[in-house]
$ cat input09.csv   # CSV, C-alpha atoms
chain,number,residue,atom,x,y,z
A,122,MET,CA,262.3,27.4,263.7
A,123,ASN,CA,262.0,24.9,261.0
A,124,GLU,CA,261.8,27.1,257.9
A,125,LYS,CA,262.0,25.7,254.4
A,126,LYS,CA,264.8,27.6,252.8
A,127,ASP,CA,266.9,27.0,249.8
A,128,GLU,CA,270.7,26.9,249.7
A,129,LYS,CA,270.8,30.7,249.7
A,130,GLY,CA,268.7,30.8,252.9
A,131,LYS,CA,265.7,32.3,251.2
A,132,LEU,CA,262.1,31.3,251.9
A,133,VAL,CA,260.8,28.7,249.4
A,134,TYR,CA,258.0,29.7,247.0
A,135,ILE,CA,255.6,26.9,246.2
A,136,PRO,CA,253.2,28.4,243.7
A,137,PHE,CA,249.5,27.4,243.4
A,138,ILE,CA,248.4,30.1,241.1
A,139,GLU,CA,250.9,32.1,239.0
A,140,GLY,CA,250.5,35.7,238.0
A,141,GLU,CA,252.9,38.1,236.3
A,142,ASN,CA,254.4,39.9,239.3
A,143,VAL,CA,252.8,37.9,242.1
A,144,GLY,CA,251.8,34.4,242.7
A,145,LEU,CA,249.4,32.7,245.2
A,146,ALA,CA,250.9,30.0,247.4
A,147,PRO,CA,249.5,27.8,250.1
A,148,THR,CA,249.8,29.1,253.6
A,149,ASN,CA,252.9,27.8,255.2
A,150,LEU,CA,253.2,27.5,258.9
A,151,ASP,CA,257.0,28.1,258.6
A,152,HIS,CA,256.1,31.7,257.8
A,153,ILE,CA,254.0,32.1,260.9
A,154,HIS,CA,256.2,34.9,262.2
A,155,LEU,CA,255.3,36.9,259.0
A,156,TYR,CA,251.6,36.3,259.4
A,157,THR,CA,251.8,37.4,263.0
A,158,LYS,CA,253.7,40.5,262.0
A,159,TRP,CA,251.2,41.5,259.4
A,160,ASN,CA,248.2,40.6,261.6
A,161,ASN,CA,249.5,43.0,264.2
A,162,ASN,CA,251.1,45.7,262.1
A,163,PRO,CA,249.3,48.9,263.1
A,164,LYS,CA,249.0,50.2,259.5
A,165,ALA,CA,247.9,46.9,257.9
A,166,ARG,CA,245.5,45.8,260.6
A,167,GLN,CA,243.4,48.9,260.9
A,168,TYR,CA,241.1,48.1,258.0
A,169,ALA,CA,241.4,44.3,258.4
A,170,ARG,CA,239.6,44.6,261.6
A,171,ASN,CA,242.2,43.2,264.0
A,172,MET,CA,241.6,44.9,267.3
A,173,ILE,CA,243.1,42.2,269.5
A,174,PRO,CA,246.8,41.4,269.6
A,175,ARG,CA,247.3,38.0,268.0
A,176,THR,CA,250.0,35.6,269.0
A,177,THR,CA,251.6,33.0,266.8
A,178,GLU,CA,249.6,30.4,268.7
A,179,ASP,CA,246.3,32.1,267.7
A,180,ILE,CA,247.3,32.3,264.1
A,181,LYS,CA,248.5,28.7,264.0
A,182,LYS,CA,245.1,27.6,265.2
A,183,TRP,CA,243.4,29.5,262.5
A,184,HIS,CA,245.3,27.8,259.8
A,185,GLU,CA,245.1,24.3,261.2
A,186,PRO,CA,243.2,21.9,259.0
A,187,LYS,CA,239.7,21.1,260.3
A,188,GLU,CA,237.4,18.3,259.7
A,189,GLY,CA,234.8,18.4,256.9
A,190,LEU,CA,234.6,20.5,253.8
A,191,THR,CA,236.4,23.7,254.4
A,192,ARG,CA,234.7,27.0,254.6
A,193,HIS,CA,237.9,28.9,254.3
A,194,VAL,CA,240.6,28.8,251.6
A,195,GLY,CA,243.7,31.0,252.3
A,196,PHE,CA,246.8,31.9,250.3
A,197,GLU,CA,250.1,33.7,250.7
A,198,ILE,CA,250.8,36.4,248.1
A,199,TRP,CA,254.4,36.2,246.8
A,200,HIS,CA,256.4,38.8,245.1
A,201,LYS,CA,258.0,36.8,242.4
A,202,LYS,CA,261.0,39.1,241.7
A,203,ASP,CA,261.8,39.8,245.3
A,204,LYS,CA,261.1,36.2,246.3
A,205,VAL,CA,259.2,37.1,249.5
A,206,PRO,CA,255.7,36.7,250.7
A,207,ILE,CA,254.0,40.1,251.0
A,208,GLY,CA,250.5,39.3,252.3
A,209,THR,CA,247.6,36.9,252.5
A,210,CYS,CA,244.3,36.5,250.7
A,211,GLY,CA,241.5,34.1,250.3
A,212,PHE,CA,237.9,33.2,250.6
A,213,GLY,CA,236.0,32.9,253.9
A,214,ARG,CA,232.4,32.0,254.8
A,215,ILE,CA,232.3,29.8,251.8
A,216,ASP,CA,228.8,28.5,251.3
A,217,TRP,CA,229.0,25.6,248.9
A,218,VAL,CA,225.3,25.3,248.4
A,219,ASP,CA,224.7,28.9,247.7
A,220,ARG,CA,227.9,29.0,245.8
A,221,ASN,CA,229.2,32.3,247.3
A,222,ALA,CA,232.0,33.5,249.6
A,223,ASN,CA,233.6,36.5,251.1
A,224,ILE,CA,236.9,37.6,249.6
A,225,TYR,CA,239.6,39.1,251.7
A,226,MET,CA,243.1,40.4,251.1
A,227,THR,CA,245.8,42.1,253.1
A,228,ILE,CA,249.2,43.2,251.7
A,229,GLY,CA,251.0,43.0,255.0
A,230,GLU,CA,254.2,44.9,254.0
A,231,PRO,CA,253.4,48.6,253.5
A,232,LYS,CA,256.3,49.0,251.1
A,233,TYR,CA,254.4,46.9,248.6
A,234,TRP,CA,251.3,49.1,248.7
A,235,ASN,CA,250.4,51.3,245.7
A,236,LYS,CA,252.1,49.1,243.2
A,237,ASN,CA,249.0,47.5,241.7
A,238,LEU,CA,250.0,44.2,243.3
A,239,GLY,CA,246.7,44.0,245.2
A,240,THR,CA,244.8,44.3,242.0
A,241,GLU,CA,246.8,41.6,240.4
A,242,ALA,CA,246.4,39.3,243.3
A,243,SER,CA,242.7,39.9,243.5
A,244,HIS,CA,242.3,39.0,239.8
A,245,LEU,CA,244.1,35.7,240.3
A,246,LEU,CA,241.9,35.0,243.3
A,247,ILE,CA,238.6,35.9,241.6
A,248,GLU,CA,239.4,33.8,238.6
A,249,TYR,CA,240.1,30.9,241.0
A,250,GLY,CA,236.9,31.5,242.8
A,251,PHE,CA,234.7,31.5,239.7
A,252,LYS,CA,236.6,29.1,237.4
A,253,GLU,CA,237.8,26.5,239.9
A,254,LEU,CA,235.6,26.7,243.0
A,255,ASN,CA,232.5,27.3,240.8
A,256,PHE,CA,231.2,30.2,242.9
A,257,ILE,CA,228.4,32.3,241.3
A,258,LYS,CA,228.9,35.3,243.6
A,259,ILE,CA,231.8,36.8,245.5
A,260,TYR,CA,231.2,39.5,248.0
A,261,ALA,CA,233.3,41.8,250.1
A,262,GLY,CA,232.8,44.2,253.0
A,263,ILE,CA,235.1,47.2,252.9
A,264,PHE,CA,235.2,50.1,255.3
A,265,GLU,CA,234.5,53.6,253.9
A,266,PRO,CA,237.9,55.1,254.8
A,267,ASN,CA,239.7,52.3,253.1
A,268,VAL,CA,239.5,54.0,249.8
A,269,ARG,CA,242.4,52.1,248.2
A,270,SER,CA,240.6,48.8,248.8
A,271,TRP,CA,237.2,49.7,247.5
A,272,SER,CA,238.7,51.6,244.5
A,273,VAL,CA,240.3,48.4,243.5
A,274,ALA,CA,237.1,46.5,244.0
A,275,GLU,CA,235.1,48.9,241.8
A,276,LYS,CA,237.7,48.8,239.1
A,277,ASP,CA,237.4,45.0,239.1
A,278,GLY,CA,233.7,45.3,238.5
A,279,PHE,CA,232.4,44.8,242.0
A,280,VAL,CA,228.9,46.4,242.4
A,281,LEU,CA,228.0,48.3,245.6
A,282,GLU,CA,225.1,46.3,246.9
A,283,GLY,CA,224.5,48.6,249.9
A,284,ILE,CA,226.0,50.5,252.8
A,285,GLN,CA,225.9,49.4,256.4
A,286,LYS,CA,225.8,52.6,258.4
A,287,ARG,CA,227.9,53.2,261.5
A,288,ASP,CA,228.8,49.6,261.3
A,289,ILE,CA,232.3,49.6,262.8
A,290,TYR,CA,234.3,51.5,265.3
A,291,ILE,CA,237.7,52.6,264.1
A,292,ASP,CA,240.0,55.1,265.6
A,293,GLY,CA,237.4,56.5,267.9
A,294,GLU,CA,234.5,56.9,265.5
A,295,TYR,CA,231.9,54.8,263.7
A,296,VAL,CA,232.4,54.3,260.0
A,297,ASP,CA,230.2,52.8,257.3
A,298,ALA,CA,230.9,49.5,255.7
A,299,ARG,CA,230.5,49.2,251.9
A,300,LYS,CA,229.1,45.9,250.8
A,301,TYR,CA,230.2,44.8,247.4
A,302,ARG,CA,229.2,41.9,245.2
A,303,LEU,CA,230.5,40.4,241.9
A,304,PHE,CA,228.5,37.8,240.0
A,305,LYS,CA,230.3,35.3,237.9
A,306,GLU,CA,228.6,36.3,234.7
A,307,ASP,CA,229.6,39.9,235.2
A,308,TRP,CA,233.2,39.0,235.7
A,309,LEU,CA,233.3,36.8,232.6
A,310,ASN,CA,231.6,39.5,230.5
A,311,ARG,CA,233.7,42.4,231.7
A,312,LYS,CA,235.7,44.5,229.3
A,313,THR,CA,239.4,43.9,229.9
B,203,MET,CA,207.0,16.8,276.5
B,204,PRO,CA,209.5,19.5,277.4
B,205,ASP,CA,210.8,19.4,280.9
B,206,LYS,CA,209.0,21.9,283.1
B,207,ASN,CA,212.2,23.0,284.8
B,208,LYS,CA,212.3,26.3,283.1
B,209,TYR,CA,214.4,29.3,284.2
B,210,PRO,CA,212.8,32.5,283.1
B,211,PHE,CA,215.2,35.3,282.3
B,212,ILE,CA,212.9,37.9,280.7
B,213,GLU,CA,209.2,37.9,281.1
B,214,GLY,CA,206.8,39.3,278.5
B,215,LYS,CA,203.1,39.6,278.3
B,216,ASN,CA,202.3,36.4,276.4
B,217,ILE,CA,205.8,34.9,276.2
B,218,SER,CA,209.0,34.6,278.2
B,219,PHE,CA,212.6,34.0,277.5
B,220,CYS,CA,214.2,31.2,279.5
B,221,VAL,CA,217.7,29.8,279.7
B,222,PRO,CA,218.6,27.1,277.1
B,223,ASN,CA,218.2,23.7,278.7
B,224,LEU,CA,220.1,20.5,277.9
B,225,GLU,CA,216.9,18.6,278.6
B,226,ASN,CA,215.1,20.2,275.7
B,227,ILE,CA,217.6,19.4,273.0
B,228,LYS,CA,215.3,16.8,271.4
B,229,LEU,CA,212.7,19.5,270.9
B,230,TYR,CA,215.3,22.0,269.5
B,231,ALA,CA,216.3,19.2,267.0
B,232,SER,CA,212.7,18.6,266.1
B,233,TRP,CA,212.3,22.2,265.1
B,234,ASP,CA,215.5,22.4,263.1
B,235,ASN,CA,214.5,19.2,261.2
B,236,HIS,CA,210.8,20.0,260.8
B,237,PRO,CA,210.2,20.3,257.1
B,238,GLU,CA,208.0,23.4,257.4
B,239,VAL,CA,210.0,25.2,260.0
B,240,ARG,CA,213.5,24.6,258.6
B,241,LYS,CA,212.5,26.1,255.3
B,242,TYR,CA,212.7,29.6,256.7
B,243,SER,CA,215.5,29.0,259.2
B,244,ARG,CA,217.7,27.7,256.4
B,245,ASN,CA,218.7,24.3,257.8
B,246,LEU,CA,219.9,22.2,254.9
B,247,PHE,CA,221.4,19.4,256.9
B,248,PRO,CA,219.8,16.9,259.3
B,249,VAL,CA,220.5,17.8,262.9
B,250,ASN,CA,221.2,15.4,265.7
B,251,PRO,CA,220.2,16.5,269.2
B,252,GLU,CA,223.7,15.7,270.4
B,253,GLN,CA,225.0,18.7,268.4
B,254,TYR,CA,223.3,21.0,270.8
B,255,LYS,CA,225.0,19.5,273.7
B,256,LYS,CA,228.4,20.8,272.7
B,257,TYR,CA,227.0,24.2,272.1
B,258,LEU,CA,225.4,24.3,275.5
B,259,GLU,CA,228.2,22.8,277.4
B,260,ASP,CA,231.0,25.0,276.0
B,261,GLY,CA,232.4,27.0,278.8
B,262,GLN,CA,231.8,30.6,279.2
B,263,ASP,CA,235.1,31.9,280.4
B,264,ARG,CA,235.1,34.1,277.4
B,265,VAL,CA,232.6,36.9,276.6
B,266,PRO,CA,229.9,35.2,274.4
B,267,ARG,CA,229.5,36.3,270.8
B,268,GLU,CA,226.2,34.4,270.8
B,269,ILE,CA,223.4,34.6,273.4
B,270,GLY,CA,220.3,32.4,273.1
B,271,PHE,CA,217.0,31.9,274.9
B,272,GLU,CA,214.1,29.5,274.8
B,273,VAL,CA,210.8,31.2,274.0
B,274,TRP,CA,208.0,29.9,276.2
B,275,HIS,CA,204.3,30.5,275.8
B,276,ASN,CA,203.1,31.8,279.2
B,277,ALA,CA,199.4,30.7,279.2
B,278,ASP,CA,200.1,27.3,277.6
B,279,ASP,CA,203.3,26.8,279.6
B,280,LYS,CA,204.9,25.5,276.5
B,281,LEU,CA,208.3,25.8,274.9
B,282,ILE,CA,207.6,27.1,271.4
B,283,GLY,CA,210.9,28.5,270.0
B,284,PHE,CA,214.3,29.9,270.2
B,285,ILE,CA,215.6,33.5,270.0
B,286,GLY,CA,218.9,35.3,270.5
B,287,PHE,CA,221.9,37.1,269.2
B,288,ASN,CA,224.0,35.0,266.8
B,289,HIS,CA,226.7,37.5,266.2
B,290,ILE,CA,227.7,40.2,268.7
B,291,ASN,CA,230.6,42.6,268.0
B,292,TRP,CA,231.2,44.0,271.4
B,293,ALA,CA,233.6,46.8,270.4
B,294,ASP,CA,231.3,48.0,267.6
B,295,ARG,CA,228.3,47.4,269.9
B,296,TYR,CA,226.2,45.7,267.5
B,297,GLY,CA,224.4,42.3,267.3
B,298,ASN,CA,222.5,40.3,264.8
B,299,ILE,CA,219.2,38.6,265.9
B,300,GLY,CA,217.7,35.3,265.0
B,301,LEU,CA,214.3,33.9,265.9
B,302,THR,CA,212.6,30.6,265.3
B,303,ILE,CA,209.0,29.8,266.4
B,304,GLY,CA,209.4,26.1,266.1
B,305,GLU,CA,205.8,25.1,266.6
B,306,PRO,CA,203.8,26.0,263.5
B,307,LYS,CA,200.5,26.3,265.5
B,308,TYR,CA,202.0,29.3,267.2
B,309,TRP,CA,202.7,31.2,264.0
B,310,ASN,CA,200.5,34.1,262.9
B,311,LYS,CA,199.7,35.1,266.5
B,312,ASN,CA,201.9,38.2,266.8
B,313,LEU,CA,204.2,36.2,269.1
B,314,GLY,CA,207.2,36.7,266.8
B,315,PHE,CA,206.6,40.5,266.9
B,316,GLU,CA,206.4,40.4,270.7
B,317,ALA,CA,209.6,38.3,270.9
B,318,THR,CA,211.4,40.7,268.6
B,319,TYR,CA,210.3,43.6,270.8
B,320,MET,CA,211.7,41.9,273.9
B,321,ILE,CA,215.0,41.0,272.3
B,322,LEU,CA,215.5,44.6,271.1
B,323,GLU,CA,214.8,45.8,274.6
B,324,TYR,CA,217.3,43.4,276.0
B,325,GLY,CA,220.0,44.2,273.4
B,326,PHE,CA,219.7,48.0,273.8
B,327,ASN,CA,218.8,48.4,277.5
B,328,GLU,CA,220.9,45.5,278.9
B,329,LEU,CA,223.7,44.7,276.6
B,330,ASN,CA,224.2,48.4,275.7
B,331,LEU,CA,224.3,47.8,272.0
B,332,VAL,CA,224.1,50.7,269.6
B,333,LYS,CA,222.9,48.9,266.5
B,334,ILE,CA,220.9,45.7,266.0
B,335,THR,CA,220.4,43.9,262.7
B,336,GLY,CA,218.3,41.0,261.4
B,337,ASN,CA,218.2,39.1,258.1
B,338,ALA,CA,215.6,37.2,256.2
B,339,TYR,CA,215.4,35.7,252.8
B,340,GLU,CA,212.8,37.3,250.5
B,341,MET,CA,210.4,34.3,250.6
B,342,ASN,CA,210.4,34.4,254.4
B,343,ILE,CA,207.8,37.1,254.4
B,344,GLY,CA,206.6,36.5,258.0
B,345,SER,CA,210.1,37.3,259.2
B,346,TRP,CA,210.9,40.5,257.4
B,347,LYS,CA,207.3,41.8,257.9
B,348,ILE,CA,208.1,41.7,261.6
B,349,CYS,CA,211.2,43.8,261.1
B,350,GLU,CA,209.3,46.4,259.1
B,351,LYS,CA,206.4,46.5,261.6
B,352,ILE,CA,208.6,47.0,264.5
B,353,GLY,CA,210.3,49.9,262.8
B,354,MET,CA,213.6,48.4,261.5
B,355,LYS,CA,214.8,49.7,258.2
B,356,ARG,CA,216.0,47.7,255.3
B,357,GLU,CA,219.7,48.4,254.9
B,358,LEU,CA,220.7,45.9,252.2
B,359,VAL,CA,219.3,43.6,249.6
B,360,LEU,CA,221.8,40.9,248.8
B,361,LYS,CA,220.9,39.6,245.4
B,362,LYS,CA,220.9,35.9,244.7
B,363,GLN,CA,222.5,35.3,248.1
B,364,ALA,CA,221.0,31.8,248.7
B,365,TYR,CA,219.8,28.8,246.8
B,366,VAL,CA,216.3,27.7,247.8
B,367,LYS,CA,214.0,25.2,246.1
B,368,GLY,CA,215.8,25.4,242.8
B,369,LYS,CA,216.5,29.1,242.5
B,370,TYR,CA,218.6,31.9,243.8
B,371,VAL,CA,216.8,34.2,246.2
B,372,ASP,CA,217.6,37.6,247.7
B,373,GLU,CA,218.4,38.2,251.3
B,374,TYR,CA,217.1,41.3,253.1
B,375,GLN,CA,219.1,42.9,256.0
B,376,TYR,CA,217.3,45.2,258.4
B,377,TYR,CA,218.8,47.4,261.1
B,378,ILE,CA,217.8,49.7,263.9
B,379,PHE,CA,219.8,52.1,266.0
B,380,LYS,CA,219.2,52.6,269.7
B,381,VAL,CA,218.3,56.3,269.2
B,382,ASP,CA,215.5,55.2,266.8
B,383,TRP,CA,214.3,52.5,269.1
B,384,ASP,CA,214.0,54.9,272.0
B,385,GLN,CA,211.4,56.7,270.0
B,386,LEU,CA,209.6,53.7,268.5
B,387,ARG,CA,209.2,51.6,271.6
B,388,ILE,CA,206.8,53.9,273.5
B,389,LYS,CA,204.3,53.5,270.7
B,390,ILE,CA,204.1,49.7,271.1
B,391,GLU,CA,202.0,47.8,273.5
B,392,PHE,CA,200.8,44.2,273.8
B,393,LYS,CA,197.4,42.8,274.6
$ encode --input "input09.csv" --output "structure tokens"
Amino acid sequence: MNEKKDEKGKLVYIPFIEGENVGLAPTNLDHIHLYTKWNNNPKARQYARNMIPRTTEDIKKWHEPKEGLTRHVGFEIWHKKDKVPIGTCGFGRIDWVDRNANIYMTIGEPKYWNKNLGTEASHLLIEYGFKELNFIKIYAGIFEPNVRSWSVAEKDGFVLEGIQKRDIYIDGEYVDARKYRLFKEDWLNRKT
Amino acid sequence: MPDKNKYPFIEGKNISFCVPNLENIKLYASWDNHPEVRKYSRNLFPVNPEQYKKYLEDGQDRVPREIGFEVWHNADDKLIGFIGFNHINWADRYGNIGLTIGEPKYWNKNLGFEATYMILEYGFNELNLVKITGNAYEMNIGSWKICEKIGMKRELVLKKQAYVKGKYVDEYQYYIFKVDWDQLRIKIEFK
């Protein structure tokens, strides 16, 4: 595989947005084996809604550039100190006229959970969405049992817009989906 | 003039659902471009009939996530609109419905209500869905009034979700479960 590595044989970090402990980098097809691993990882995929095994071919296709103005912007999340990518995040279903999009994030490596890295990455992404892409609204759908995720969202100032009951079938039962929204003005006026 | 080769799939009292037909793509395009009709179906970009060709010709070797029908007026033998599921999650057993009555002279005749009844029946009794949803923007009163009349409940109000005619408007999402539909349907009949 043609991986971009430096002299020490480590994966190369090409930052697009820098944070303190993490940075957001463009998706890199050289890392396709990592995306495939995270996408299929039984722990990580449960709440990311991946019920079907995905091959590297499937994932490649998803990241391939398409014609026209994109409706999807995706990033790798890098751990700066450990110099490894630890997950993916981005905006999907971008509506440029309505100026809104769905935010998503997966920390694919369970050892990096519970370290506030998700919070940091989401802050970088939200700033990017409002200040660079000029969204007025960012929304997210998070399943009820995924407490870690929606706790982060609420801390960030996302407002619960509603609940879709028995929306999704996970582990043998239906669970609700919590629909959150964040307006640009609320994000800019939040107390830090 | 729409081609009279129609292939009924579901027959109703006043309307029927027929298989989408390549020969009618000019008519579909006329609805999606019609200044009055497209206001409520949220078409912001001009549509070329050729774009429907691809949609209709795409092979079906995979289970569809979208199922669409032509809506025909029985008595007038006329193609008046399009209806279907535009998003089906098979594992979760839910689908989202979309309906356009493309010919304005057929509005306000209860035909949208009748079409919604038929698509709910199809979704629950044939596709074995458990939950069906439908959305409408707040100014599309005709649409969400049908949802309420037929017994769907409003699940979400997405604030400032779309930009229409110079301002941000809310989007309403309605839902119904099969267990609820089983009770409601017996009370509905069509003249």
$ residues_around --input "input09.csv" --residues "His289 (chain B)" --least-positions-apart "4" --cutoff "6 Å" --atoms "only C-alpha atoms" --output "ChimeraX atom specification"
/B:267-268,297-298
$ atom_distance --input "input09.csv" --atom1 "CA of Ile378 (chain B)" --atom2 "CA of Ser218 (chain B)"
22.6 Å
$ interface_residues --input "input09.csv" --of "chain A" --to "chain B" --cutoff "10 Å" --atoms "only C-alpha atoms" --output "number ranges by chain"
A: 172, 216-222, 257-260, 282-291, 294-296, 300-302, 304
$ residues_around --input "input09.csv" --residues "Ser243 (chain B)" --least-positions-apart "4" --cutoff "12 Å" --atoms "only C-alpha atoms" --output "list of chain:residue names"
B:Trp233, B:Asp234, B:Asn235, B:His236, B:Pro237, B:Glu238, B:Val239, B:Phe247, B:Gly283, B:Phe284, B:Ile285, B:Gly300, B:Leu301, B:Thr302, B:Ile303, B:Gly304, B:Asn337, B:Ala338, B:Tyr339, B:Met341, B:Asn342, B:Gly344, B:Ser345, B:Val366
$ atom_distance --input "input09.csv" --atom1 "CA of Tyr233 (chain A)" --atom2 "CA of Trp271 (chain A)"
17.5 Å
$ residues_around --input "input09.csv" --residues "Ala317 (chain B)" --least-positions-apart "6" --cutoff "12 Å" --atoms "all atoms listed in the file" --output "short mmCIF file (atom, residue, chain, number, x, y, z; two decimals) with C-alpha atoms, in the frame of the given file"
data_model
loop_
_atom_site.label_atom_id
_atom_site.label_comp_id
_atom_site.auth_asym_id
_atom_site.auth_seq_id
_atom_site.Cartn_x
_atom_site.Cartn_y
_atom_site.Cartn_z
CA ILE B 212 212.90 37.90 280.70
CA GLU B 213 209.20 37.90 281.10
CA GLY B 214 206.80 39.30 278.50
CA LYS B 215 203.10 39.60 278.30
CA ASN B 216 202.30 36.40 276.40
CA ILE B 217 205.80 34.90 276.20
CA SER B 218 209.00 34.60 278.20
CA PHE B 219 212.60 34.00 277.50
CA PHE B 271 217.00 31.90 274.90
CA GLU B 272 214.10 29.50 274.80
CA VAL B 273 210.80 31.20 274.00
CA TRP B 274 208.00 29.90 276.20
CA HIS B 275 204.30 30.50 275.80
CA ILE B 282 207.60 27.10 271.40
CA GLY B 283 210.90 28.50 270.00
CA PHE B 284 214.30 29.90 270.20
CA ILE B 285 215.60 33.50 270.00
CA GLY B 286 218.90 35.30 270.50
CA ILE B 299 219.20 38.60 265.90
CA GLY B 300 217.70 35.30 265.00
CA LEU B 301 214.30 33.90 265.90
CA THR B 302 212.60 30.60 265.30
CA ILE B 303 209.00 29.80 266.40
CA LYS B 311 199.70 35.10 266.50
CA GLU B 323 214.80 45.80 274.60
CA TYR B 324 217.30 43.40 276.00
CA SER B 345 210.10 37.30 259.20
CA ILE B 348 208.10 41.70 261.60
CA CYS B 349 211.20 43.80 261.10
CA ILE B 352 208.60 47.00 264.50
CA PHE B 392 200.80 44.20 273.80
#
$ residues_near_point --input "input09.csv" --point "(224.4, 18.1, 277.3)" --cutoff "9 Å" --atoms "all atoms listed in the file" --output "JSON, numbers by chain"
{"B": [223, 224, 225, 227, 252, 253, 254, 255, 256, 257, 258, 259]}
$ build_atoms --input "input09.csv" --residues "region 220-232 of chain A" --atoms "N, CA and C atoms" --output "mmCIF file, keeping the file's coordinate frame"
data_model
loop_
_atom_site.group_PDB
_atom_site.id
_atom_site.type_symbol
_atom_site.label_atom_id
_atom_site.label_comp_id
_atom_site.auth_asym_id
_atom_site.auth_seq_id
_atom_site.Cartn_x
_atom_site.Cartn_y
_atom_site.Cartn_z
ATOM 1 N N ARG A 220 226.845 28.752 246.734
ATOM 2 C CA ARG A 220 227.900 29.000 245.800
ATOM 3 C C ARG A 220 228.410 30.465 245.879
ATOM 4 N N ASN A 221 228.661 30.920 247.127
ATOM 5 C CA ASN A 221 229.200 32.300 247.300
ATOM 6 C C ASN A 221 230.205 32.279 248.437
ATOM 7 N N ALA A 222 230.991 33.362 248.505
ATOM 8 C CA ALA A 222 232.000 33.500 249.600
ATOM 9 C C ALA A 222 232.438 34.916 249.716
ATOM 10 N N ASN A 223 233.034 35.211 250.878
ATOM 11 C CA ASN A 223 233.600 36.500 251.100
ATOM 12 C C ASN A 223 235.066 36.529 250.744
ATOM 13 N N ILE A 224 235.473 37.541 250.016
ATOM 14 C CA ILE A 224 236.900 37.600 249.600
ATOM 15 C C ILE A 224 237.609 38.572 250.517
ATOM 16 N N TYR A 225 238.847 38.220 250.859
ATOM 17 C CA TYR A 225 239.600 39.100 251.700
ATOM 18 C C TYR A 225 241.059 39.157 251.202
ATOM 19 N N MET A 226 241.722 40.253 251.510
ATOM 20 C CA MET A 226 243.100 40.400 251.100
ATOM 21 C C MET A 226 243.811 41.419 251.973
ATOM 22 N N THR A 227 245.028 41.089 252.392
ATOM 23 C CA THR A 227 245.800 42.100 253.100
ATOM 24 C C THR A 227 247.251 42.000 252.534
ATOM 25 N N ILE A 228 247.727 43.152 252.046
ATOM 26 C CA ILE A 228 249.200 43.200 251.700
ATOM 27 C C ILE A 228 249.804 43.680 253.037
ATOM 28 N N GLY A 229 250.535 42.769 253.662
ATOM 29 C CA GLY A 229 251.000 43.000 255.000
ATOM 30 C C GLY A 229 252.232 43.926 255.090
ATOM 31 N N GLU A 230 252.968 44.065 253.980
ATOM 32 C CA GLU A 230 254.200 44.900 254.000
ATOM 33 C C GLU A 230 253.899 46.203 253.299
ATOM 34 N N PRO A 231 253.820 47.293 254.068
ATOM 35 C CA PRO A 231 253.400 48.600 253.500
ATOM 36 C C PRO A 231 254.304 49.024 252.299
ATOM 37 N N LYS A 232 255.546 48.557 252.201
ATOM 38 C CA LYS A 232 256.300 49.000 251.100
ATOM 39 C C LYS A 232 255.846 48.451 249.735
#
